[in-house]
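Visitor: Structure file entry-v5.pdb (PDB, C-alpha atoms, pLDDT in the B column) is given on the next line.
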```
ATOM      1  CA  LEU A   1     129.744  62.732 125.943  1.00 77.00           C
ATOM      2  CA  THR A   2     130.593  61.610 129.462  1.00 85.00           C
ATOM      3  CA  LYS A   3     132.964  58.937 128.175  1.00 86.00           C
ATOM      4  CA  ASN A   4     134.886  61.471 126.079  1.00 82.00           C
ATOM      5  CA  ILE A   5     135.193  63.850 129.022  1.00 83.00           C
ATOM      6  CA  PHE A   6     136.493  61.068 131.282  1.00 89.00           C
ATOM      7  CA  VAL A   7     138.970  59.967 128.598  1.00 87.00           C
ATOM      8  CA  ILE A   8     140.307  63.527 128.301  1.00 85.00           C
ATOM      9  CA  LEU A   9     140.619  63.888 132.076  1.00 88.00           C
ATOM     10  CA  GLY A  10     142.288  60.469 132.418  1.00 90.00           C
ATOM     11  CA  ILE A  11     144.813  61.283 129.729  1.00 88.00           C
ATOM     12  CA  LEU A  12     145.584  64.625 131.392  1.00 88.00           C
ATOM     13  CA  VAL A  13     146.177  62.903 134.735  1.00 90.00           C
ATOM     14  CA  ALA A  14     148.478  60.329 133.093  1.00 88.00           C
ATOM     15  CA  MET A  15     150.377  63.052 131.247  1.00 85.00           C
ATOM     16  CA  LEU A  16     150.747  65.114 134.417  1.00 86.00           C
ATOM     17  CA  ALA A  17     152.097  62.076 136.252  1.00 86.00           C
ATOM     18  CA  LEU A  18     154.605  61.398 133.473  1.00 83.00           C
ATOM     19  CA  ASN A  19     155.931  64.923 132.903  1.00 79.00           C
ATOM     20  CA  TYR A  20     154.051  68.009 134.005  1.00 78.00           C
ATOM     21  CA  GLU A  21     156.154  70.432 131.936  1.00 78.00           C
ATOM     22  CA  LEU A  22     155.323  68.735 128.658  1.00 79.00           C
ATOM     23  CA  THR A  23     151.701  68.499 129.774  1.00 82.00           C
ATOM     24  CA  LEU A  24     151.658  72.258 130.276  1.00 82.00           C
ATOM     25  CA  MET A  25     153.065  72.646 126.762  1.00 80.00           C
ATOM     26  CA  VAL A  26     150.182  70.548 125.400  1.00 80.00           C
ATOM     27  CA  LEU A  27     147.669  72.494 127.491  1.00 83.00           C
ATOM     28  CA  CYS A  28     148.808  75.720 125.808  1.00 84.00           C
ATOM     29  CA  PHE A  29     146.673  74.638 122.846  1.00 84.00           C
ATOM     30  CA  VAL A  30     143.487  74.134 124.887  1.00 83.00           C
ATOM     31  CA  PRO A  31     142.522  77.858 124.982  1.00 86.00           C
ATOM     32  CA  PHE A  32     142.572  77.860 121.179  1.00 86.00           C
ATOM     33  CA  ILE A  33     140.303  74.820 121.126  1.00 82.00           C
ATOM     34  CA  MET A  34     137.923  76.586 123.509  1.00 80.00           C
ATOM     35  CA  LEU A  35     137.972  79.750 121.386  1.00 86.00           C
ATOM     36  CA  PHE A  36     137.323  77.825 118.177  1.00 83.00           C
ATOM     37  CA  SER A  37     134.512  75.906 119.908  1.00 79.00           C
ATOM     38  CA  ILE A  38     132.792  79.120 120.996  1.00 80.00           C
ATOM     39  CA  ILE A  39     133.064  80.569 117.495  1.00 83.00           C
ATOM     40  CA  PHE A  40     131.905  77.264 115.986  1.00 81.00           C
ATOM     41  CA  ARG A  41     128.861  77.188 118.281  1.00 78.00           C
ATOM     42  CA  LYS A  42     127.750  80.615 117.099  1.00 79.00           C
ATOM     43  CA  PHE A  43     128.072  79.871 113.389  1.00 82.00           C
ATOM     44  CA  SER A  44     126.841  76.301 113.697  1.00 80.00           C
ATOM     45  CA  ARG A  45     123.610  77.307 115.412  1.00 79.00           C
ATOM     46  CA  ARG A  46     122.988  79.971 112.769  1.00 82.00           C
ATOM     47  CA  ALA A  47     123.636  77.502 109.932  1.00 82.00           C
ATOM     48  CA  HIS A  48     121.348  74.873 111.446  1.00 80.00           C
ATOM     49  CA  ARG A  49     118.603  77.459 111.897  1.00 81.00           C
ATOM     50  CA  LYS A  50     118.840  78.451 108.233  1.00 84.00           C
ATOM     51  CA  VAL A  51     118.572  74.819 107.140  1.00 82.00           C
ATOM     52  CA  LYS A  52     115.532  74.254 109.356  1.00 81.00           C
ATOM     53  CA  ASP A  53     113.892  77.497 108.152  1.00 82.00           C
ATOM     54  CA  CYS A  54     114.427  76.608 104.504  1.00 81.00           C
ATOM     55  CA  THR A  55     113.137  73.083 105.055  1.00 80.00           C
ATOM     56  CA  THR A  56     110.047  74.497 106.745  1.00 79.00           C
ATOM     57  CA  ASP A  57     109.532  76.918 103.842  1.00 79.00           C
ATOM     58  CA  ILE A  58     109.640  74.083 101.317  1.00 78.00           C
ATOM     59  CA  ASN A  59     107.315  71.879 103.361  1.00 77.00           C
ATOM     60  CA  THR A  60     104.851  74.732 103.884  1.00 75.00           C
ATOM     61  CA  TYR A  61     104.942  75.676 100.222  1.00 74.00           C
ATOM     62  CA  LEU A  62     104.382  72.097  99.129  1.00 72.00           C
ATOM     63  CA  SER A  63     101.516  71.553 101.524  1.00 71.00           C
ATOM     64  CA  GLU A  64      99.789  74.791 100.490  1.00 68.00           C
ATOM     65  CA  ASN A  65     100.244  74.529  96.748  1.00 66.00           C
ATOM     66  CA  LEU A  66     100.242  70.879  95.774  1.00 62.00           C
ATOM     67  CA  SER A  67      96.563  70.364  96.472  1.00 58.00           C
ATOM     68  CA  GLY A  68      95.265  73.132  94.186  1.00 57.00           C
ATOM     69  CA  MET A  69      98.111  73.844  91.741  1.00 53.00           C
ATOM     70  CA  LYS A  70      96.933  74.307  88.166  1.00 55.00           C
ATOM     71  CA  ILE A  71      99.856  76.059  86.537  1.00 53.00           C
ATOM     72  CA  THR A  72     102.811  73.715  86.738  1.00 53.00           C
ATOM     73  CA  GLN A  73     105.433  76.102  85.372  1.00 53.00           C
ATOM     74  CA  ILE A  74     104.848  78.674  88.127  1.00 59.00           C
ATOM     75  CA  PHE A  75     105.024  75.910  90.712  1.00 62.00           C
ATOM     76  CA  LYS A  76     108.295  74.624  89.263  1.00 63.00           C
ATOM     77  CA  ARG A  77     109.941  78.062  89.257  1.00 66.00           C
ATOM     78  CA  GLU A  78     108.900  78.918  92.835  1.00 68.00           C
ATOM     79  CA  PHE A  79     109.803  75.452  94.100  1.00 69.00           C
ATOM     80  CA  THR A  80     113.223  75.692  92.430  1.00 76.00           C
ATOM     81  CA  ASP A  81     113.887  79.002  94.213  1.00 77.00           C
ATOM     82  CA  LYS A  82     113.004  77.520  97.603  1.00 76.00           C
ATOM     83  CA  SER A  83     114.985  74.366  96.854  1.00 80.00           C
ATOM     84  CA  ASN A  84     118.037  76.452  95.900  1.00 82.00           C
ATOM     85  CA  ALA A  85     117.738  78.403  99.170  1.00 79.00           C
ATOM     86  CA  LEU A  86     117.731  75.103 101.082  1.00 80.00           C
ATOM     87  CA  GLY A  87     120.798  73.947  99.133  1.00 83.00           C
ATOM     88  CA  ARG A  88     122.676  77.152  99.967  1.00 84.00           C
ATOM     89  CA  ALA A  89     121.773  76.832 103.655  1.00 81.00           C
ATOM     90  CA  GLN A  90     123.003  73.224 103.717  1.00 81.00           C
ATOM     91  CA  GLN A  91     126.253  74.236 102.007  1.00 85.00           C
ATOM     92  CA  GLU A  92     126.801  76.924 104.641  1.00 83.00           C
ATOM     93  CA  GLN A  93     126.206  74.354 107.383  1.00 78.00           C
ATOM     94  CA  ILE A  94     128.746  71.984 105.819  1.00 81.00           C
ATOM     95  CA  PHE A  95     131.211  74.855 105.363  1.00 84.00           C
ATOM     96  CA  VAL A  96     131.032  75.807 109.061  1.00 78.00           C
ATOM     97  CA  PHE A  97     131.715  72.255 110.205  1.00 75.00           C
ATOM     98  CA  GLY A  98     134.304  71.848 107.438  1.00 80.00           C
ATOM     99  CA  ILE A  99     136.348  74.670 108.952  1.00 82.00           C
ATOM    100  CA  PHE A 100     136.087  73.631 112.588  1.00 79.00           C
ATOM    101  CA  ARG A 101     137.377  70.060 112.275  1.00 79.00           C
ATOM    102  CA  PRO A 102     140.524  71.030 110.319  1.00 83.00           C
ATOM    103  CA  LEU A 103     141.250  73.761 112.891  1.00 84.00           C
ATOM    104  CA  VAL A 104     141.170  71.192 115.702  1.00 81.00           C
ATOM    105  CA  TYR A 105     143.332  68.887 113.589  1.00 85.00           C
ATOM    106  CA  MET A 106     145.761  71.765 112.969  1.00 87.00           C
ATOM    107  CA  LEU A 107     146.049  72.274 116.730  1.00 86.00           C
ATOM    108  CA  TYR A 108     146.744  68.549 117.143  1.00 86.00           C
ATOM    109  CA  ILE A 109     149.512  68.684 114.522  1.00 88.00           C
ATOM    110  CA  SER A 110     150.942  71.854 116.126  1.00 88.00           C
ATOM    111  CA  SER A 111     151.126  70.205 119.534  1.00 86.00           C
ATOM    112  CA  VAL A 112     152.828  67.136 118.025  1.00 86.00           C
ATOM    113  CA  LEU A 113     155.316  69.371 116.219  1.00 88.00           C
ATOM    114  CA  CYS A 114     156.081  71.242 119.448  1.00 84.00           C
ATOM    115  CA  LEU A 115     156.577  67.945 121.244  1.00 82.00           C
ATOM    116  CA  LEU A 116     158.864  66.582 118.546  1.00 83.00           C
ATOM    117  CA  TYR A 117     160.850  69.806 118.338  1.00 82.00           C
ATOM    118  CA  LEU A 118     161.332  70.233 122.086  1.00 77.00           C
ATOM    119  CA  GLY A 119     161.707  66.520 122.722  1.00 75.00           C
ATOM    120  CA  GLY A 120     164.040  65.929 119.799  1.00 75.00           C
ATOM    121  CA  LYS A 121     166.169  68.913 120.691  1.00 75.00           C
ATOM    122  CA  GLY A 122     166.340  67.828 124.316  1.00 70.00           C
ATOM    123  CA  TYR A 123     167.093  64.209 123.452  1.00 68.00           C
ATOM    124  CA  LEU A 124     169.699  64.865 120.752  1.00 72.00           C
ATOM    125  CA  GLU A 125     171.521  67.678 122.513  1.00 74.00           C
ATOM    126  CA  GLY A 126     171.139  66.215 125.991  1.00 69.00           C
ATOM    127  CA  THR A 127     169.551  69.411 127.276  1.00 64.00           C
ATOM    128  CA  SER A 128     166.785  69.448 129.812  1.00 63.00           C
ATOM    129  CA  PHE A 129     163.311  70.841 129.294  1.00 61.00           C
ATOM    130  CA  LEU A 130     162.293  72.898 132.328  1.00 62.00           C
ATOM    131  CA  GLY A 131     164.675  70.935 134.505  1.00 66.00           C
ATOM    132  CA  GLN A 132     163.862  67.419 133.273  1.00 67.00           C
ATOM    133  CA  THR A 133     165.818  65.316 130.826  1.00 67.00           C
ATOM    134  CA  LEU A 134     163.667  63.931 128.054  1.00 72.00           C
ATOM    135  CA  THR A 135     164.024  60.313 127.023  1.00 73.00           C
ATOM    136  CA  SER A 136     162.888  58.721 123.790  1.00 75.00           C
ATOM    137  CA  GLY A 137     160.311  56.684 125.721  1.00 79.00           C
ATOM    138  CA  MET A 138     158.817  59.830 127.213  1.00 79.00           C
ATOM    139  CA  ILE A 139     158.590  61.473 123.789  1.00 80.00           C
ATOM    140  CA  VAL A 140     156.834  58.430 122.318  1.00 83.00           C
ATOM    141  CA  SER A 141     154.501  58.219 125.316  1.00 85.00           C
ATOM    142  CA  PHE A 142     153.562  61.867 124.983  1.00 84.00           C
ATOM    143  CA  TYR A 143     152.981  61.463 121.263  1.00 86.00           C
ATOM    144  CA  MET A 144     150.533  58.648 121.968  1.00 87.00           C
ATOM    145  CA  TYR A 145     148.860  60.615 124.769  1.00 86.00           C
ATOM    146  CA  ILE A 146     148.470  63.677 122.560  1.00 87.00           C
ATOM    147  CA  SER A 147     146.758  61.639 119.840  1.00 84.00           C
ATOM    148  CA  LYS A 148     144.487  60.034 122.458  1.00 84.00           C
ATOM    149  CA  PHE A 149     143.797  63.512 123.894  1.00 83.00           C
ATOM    150  CA  PHE A 150     142.642  65.050 120.608  1.00 82.00           C
ATOM    151  CA  ASN A 151     140.462  62.120 119.404  1.00 82.00           C
ATOM    152  CA  PRO A 152     137.789  62.681 122.083  1.00 83.00           C
ATOM    153  CA  ILE A 153     137.904  66.406 121.367  1.00 79.00           C
ATOM    154  CA  GLN A 154     137.065  65.733 117.718  1.00 77.00           C
ATOM    155  CA  ASN A 155     134.307  63.341 118.818  1.00 79.00           C
ATOM    156  CA  LEU A 156     132.942  66.034 121.125  1.00 77.00           C
ATOM    157  CA  ALA A 157     132.939  68.468 118.188  1.00 74.00           C
ATOM    158  CA  GLU A 158     130.824  66.091 116.137  1.00 75.00           C
ATOM    159  CA  GLN A 159     128.455  65.458 119.043  1.00 78.00           C
ATOM    160  CA  PHE A 160     128.263  69.212 119.548  1.00 75.00           C
ATOM    161  CA  ASN A 161     127.244  69.580 115.902  1.00 73.00           C
ATOM    162  CA  TRP A 162     124.407  67.079 116.403  1.00 76.00           C
ATOM    163  CA  LEU A 163     123.378  68.925 119.547  1.00 78.00           C
ATOM    164  CA  GLN A 164     123.234  72.214 117.639  1.00 75.00           C
ATOM    165  CA  SER A 165     121.032  70.558 115.018  1.00 76.00           C
ATOM    166  CA  ALA A 166     118.721  69.261 117.742  1.00 80.00           C
ATOM    167  CA  PHE A 167     118.525  72.721 119.346  1.00 78.00           C
ATOM    168  CA  ALA A 168     117.669  74.304 115.998  1.00 76.00           C
ATOM    169  CA  SER A 169     114.958  71.680 115.436  1.00 76.00           C
ATOM    170  CA  ALA A 170     113.545  72.215 118.917  1.00 80.00           C
ATOM    171  CA  GLU A 171     113.473  75.979 118.387  1.00 78.00           C
ATOM    172  CA  LYS A 172     111.585  75.454 115.141  1.00 73.00           C
ATOM    173  CA  VAL A 173     109.078  73.097 116.752  1.00 77.00           C
ATOM    174  CA  PHE A 174     108.391  75.360 119.722  1.00 79.00           C
ATOM    175  CA  SER A 175     108.164  78.545 117.655  1.00 74.00           C
TER     176      SER A 175
END
```
Once more with this new file: its structure as structure tokens, please.

Guide:
Amino acid sequence: LTKNIFVILGILVAMLALNYELTLMVLCFVPFIMLFSIIFRKFSRRAHRKVKDCTTDINTYLSENLSGMKITQIFKREFTDKSNALGRAQQEQIFVFGIFRPLVYMLYISSVLCLLYLGGKGYLEGTSFLGQTLTSGMIVSFYMYISKFFNPIQNLAEQFNWLQSAFASAEKVFS
């Protein structure tokens, strides 16, 4: 977690030193990342709680009924219902994370497209971007910095998902 934060800050410092206008263009996408992260946190925690609740239900049911179960068909039907509820909760958890990662990737692609559009237009037409002339080397450097900037963000998203799972487990243990 600390390494990813330092990588992001280091890349921002390098980008600011290279061209602060293009860095500001890239930073326009950061509020969207923050917004998506807040929304993801809410839905992720809820999905992890459902998975933990359903897992607890199955474990409780098994521990209560396996020792004295005489009618196997009733057991099978009730266990199937609880197992299906766990499957639905796990699918919801996967769905939540399956939306967040592509959204972050979409923001990465959008920032690259903005860079290529503004940089290509400035380079081909010889126009300046906020008072600075863009060179091909600067465009390539920013492309590499943008990809290095978004990789730690995706890693942080995955670590955040694990953290949400741990919080849901801790809530279950302490309740």

Visitor: So that I can see what lies close to segment 29-37 of chain A, please list as a list in words the residues with an atom at most 8 Å from it, counting only C-alpha atoms and leaving out residues fewer than 4 positions away in the same chain.

Guide: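 Once the adjacent positions are removed, what remains is Met25, Arg41, Phe100, Leu103, Val104, Leu107, Ser111 and Ala157 of chain A.
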
Visitor: Would you mind exporting the chosen residues as a compact mmCIF listing (two decimals), keeping the file's coordinate frame, restricted to C-alpha atoms?

Guide:
```
# COMPACT_ATOMS: atom_id res chain seq x y z
CA MET A 25 153.06 72.65 126.76
CA ARG A 41 128.86 77.19 118.28
CA PHE A 100 136.09 73.63 112.59
CA LEU A 103 141.25 73.76 112.89
CA VAL A 104 141.17 71.19 115.70
CA LEU A 107 146.05 72.27 116.73
CA SER A 111 151.13 70.20 119.53
CA ALA A 157 132.94 68.47 118.19
```

Visitor: For Glu171 of chain A, which residue out of A:Gln91, A:Arg46, A:Ala85, A:Ser141 is the nearest one, using all atoms listed in the file?

Guide: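 For Glu171 of chain A, the nearest of the given residues is A:Arg46.
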
Visitor: Which distance in Å separates atom CA of Phe6 of chain A and atom CA of Ser169 of chain A, to one decimal?

Guide: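 That distance, rounded to one decimal, is 28.8 Å.
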
Visitor: Please determine the residues with any atom at most 9 Å from (126.7, 72.1, 113.9) (coordinates as given in the file, with only C-alpha atoms counting) and report them as a list in words.

Guide: Phe40, Arg41, Phe43, Ser44, Arg45, Arg46, Ala47, His48, Gln93, Ile94, Val96, Phe97, Ala157, Glu158, Gln159, Phe160, Asn161, Trp162, Leu163, Gln164 and Ser165 of chain A

Visitor: With only C-alpha atoms as the atoms that count, which of A:Phe174, A:Phe149, A:Tyr105, A:Phe142 lies nearest to Leu18 of chain A?

Guide: A:Phe142

Visitor: So the first atom is atom CA of Ile153 of chain A and the second is atom CA of Ala168 of chain A; what is the distance between them in Å, to one decimal place?

Guide: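 If I compute the distance from atom CA of Ile153 of chain A to atom CA of Ala168 of chain A, I get 22.4 Å.
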
Visitor: Please, what distance in Å, to one decimal, runs between atom CA of Leu27 of chain A and atom CA of Ser110 of chain A?

Guide: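 Rounded to one decimal, the two atoms are 11.8 Å apart.
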
Visitor: For each of A:Ile146, A:Ile99, A:Val173, A:Ile58, take the minimum atom-to-atom distance to Leu24 of chain A, counting only C-alpha atoms, then give the residue where this is smallest.

Guide: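 Closest to Leu24 of chain A of all the choices is A:Ile146.
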
Visitor: Of the candidates A:Leu1, A:Leu134, A:Leu156, A:Asp53, which shows the shortest atom-to-atom distance to Leu115 of chain A, using all atoms listed in the file?

Guide: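 Looking at the shortest contact to Leu115 of chain A, the residue is A:Leu134.
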
Visitor: As JSON, what would the box around segment 21-35 of chain A look like: edges along x, y and z, 6 Å added on every side, centre and edge lengths in Å to one decimal?

Guide:
```
{"center_x": 147.0, "center_y": 74.1, "center_z": 126.5, "size_x": 30.2, "size_y": 23.3, "size_z": 22.8}
```

Visitor: Leaving out Ile139 of chain A and any residue of its chain fewer than 6 positions from it, which residues lie within 9 Å of it when counting only C-alpha atoms, given as a PyMOL selection string?

Guide: chain A and resi 115-116+119-120+123

Visitor: Taking into account only C-alpha atoms, which residue in the set A:Cys28, A:Leu86, A:Leu124, A:Leu118 is nearest to Val51 of chain A?

Guide: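 The shortest atom-to-atom distance to Val51 of chain A comes from A:Leu86.
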
Visitor: Please output segment 3-15 of chain A, rebuilt to include N, CA, C and O atoms, as a compact mmCIF listing (two decimals), in the coordinates of the input.

Guide:
```txt
# COMPACT_ATOMS: atom_id res chain seq x y z
N LYS A 3 131.79 59.78 128.42
CA LYS A 3 132.96 58.94 128.18
C LYS A 3 134.12 59.76 127.62
O LYS A 3 135.26 59.64 128.08
N ASN A 4 133.83 60.63 126.67
CA ASN A 4 134.89 61.47 126.08
C ASN A 4 135.50 62.41 127.11
O ASN A 4 136.71 62.63 127.13
N ILE A 5 134.68 62.96 127.98
CA ILE A 5 135.19 63.85 129.02
C ILE A 5 136.09 63.08 129.99
O ILE A 5 137.17 63.55 130.36
N PHE A 6 135.66 61.87 130.38
CA PHE A 6 136.49 61.07 131.28
C PHE A 6 137.80 60.63 130.62
O PHE A 6 138.84 60.57 131.27
N VAL A 7 137.74 60.34 129.32
CA VAL A 7 138.97 59.97 128.60
C VAL A 7 139.95 61.14 128.60
O VAL A 7 141.14 60.97 128.86
N ILE A 8 139.45 62.34 128.31
CA ILE A 8 140.31 63.53 128.30
C ILE A 8 140.92 63.76 129.68
O ILE A 8 142.13 64.00 129.80
N LEU A 9 140.10 63.67 130.72
CA LEU A 9 140.62 63.89 132.08
C LEU A 9 141.62 62.80 132.47
O LEU A 9 142.66 63.10 133.09
N GLY A 10 141.35 61.55 132.12
CA GLY A 10 142.29 60.47 132.42
C GLY A 10 143.62 60.64 131.72
O GLY A 10 144.68 60.41 132.32
N ILE A 11 143.57 61.06 130.47
CA ILE A 11 144.81 61.28 129.73
C ILE A 11 145.60 62.45 130.34
O ILE A 11 146.83 62.38 130.47
N LEU A 12 144.90 63.50 130.75
CA LEU A 12 145.58 64.62 131.39
C LEU A 12 146.26 64.20 132.70
O LEU A 12 147.40 64.61 132.97
N VAL A 13 145.58 63.38 133.48
CA VAL A 13 146.18 62.90 134.74
C VAL A 13 147.41 62.06 134.44
O VAL A 13 148.47 62.22 135.08
N ALA A 14 147.33 61.17 133.44
CA ALA A 14 148.48 60.33 133.09
C ALA A 14 149.63 61.18 132.57
O ALA A 14 150.80 60.93 132.92
N MET A 15 149.32 62.19 131.77
CA MET A 15 150.38 63.05 131.25
C MET A 15 151.02 63.87 132.37
O MET A 15 152.24 64.06 132.37
```
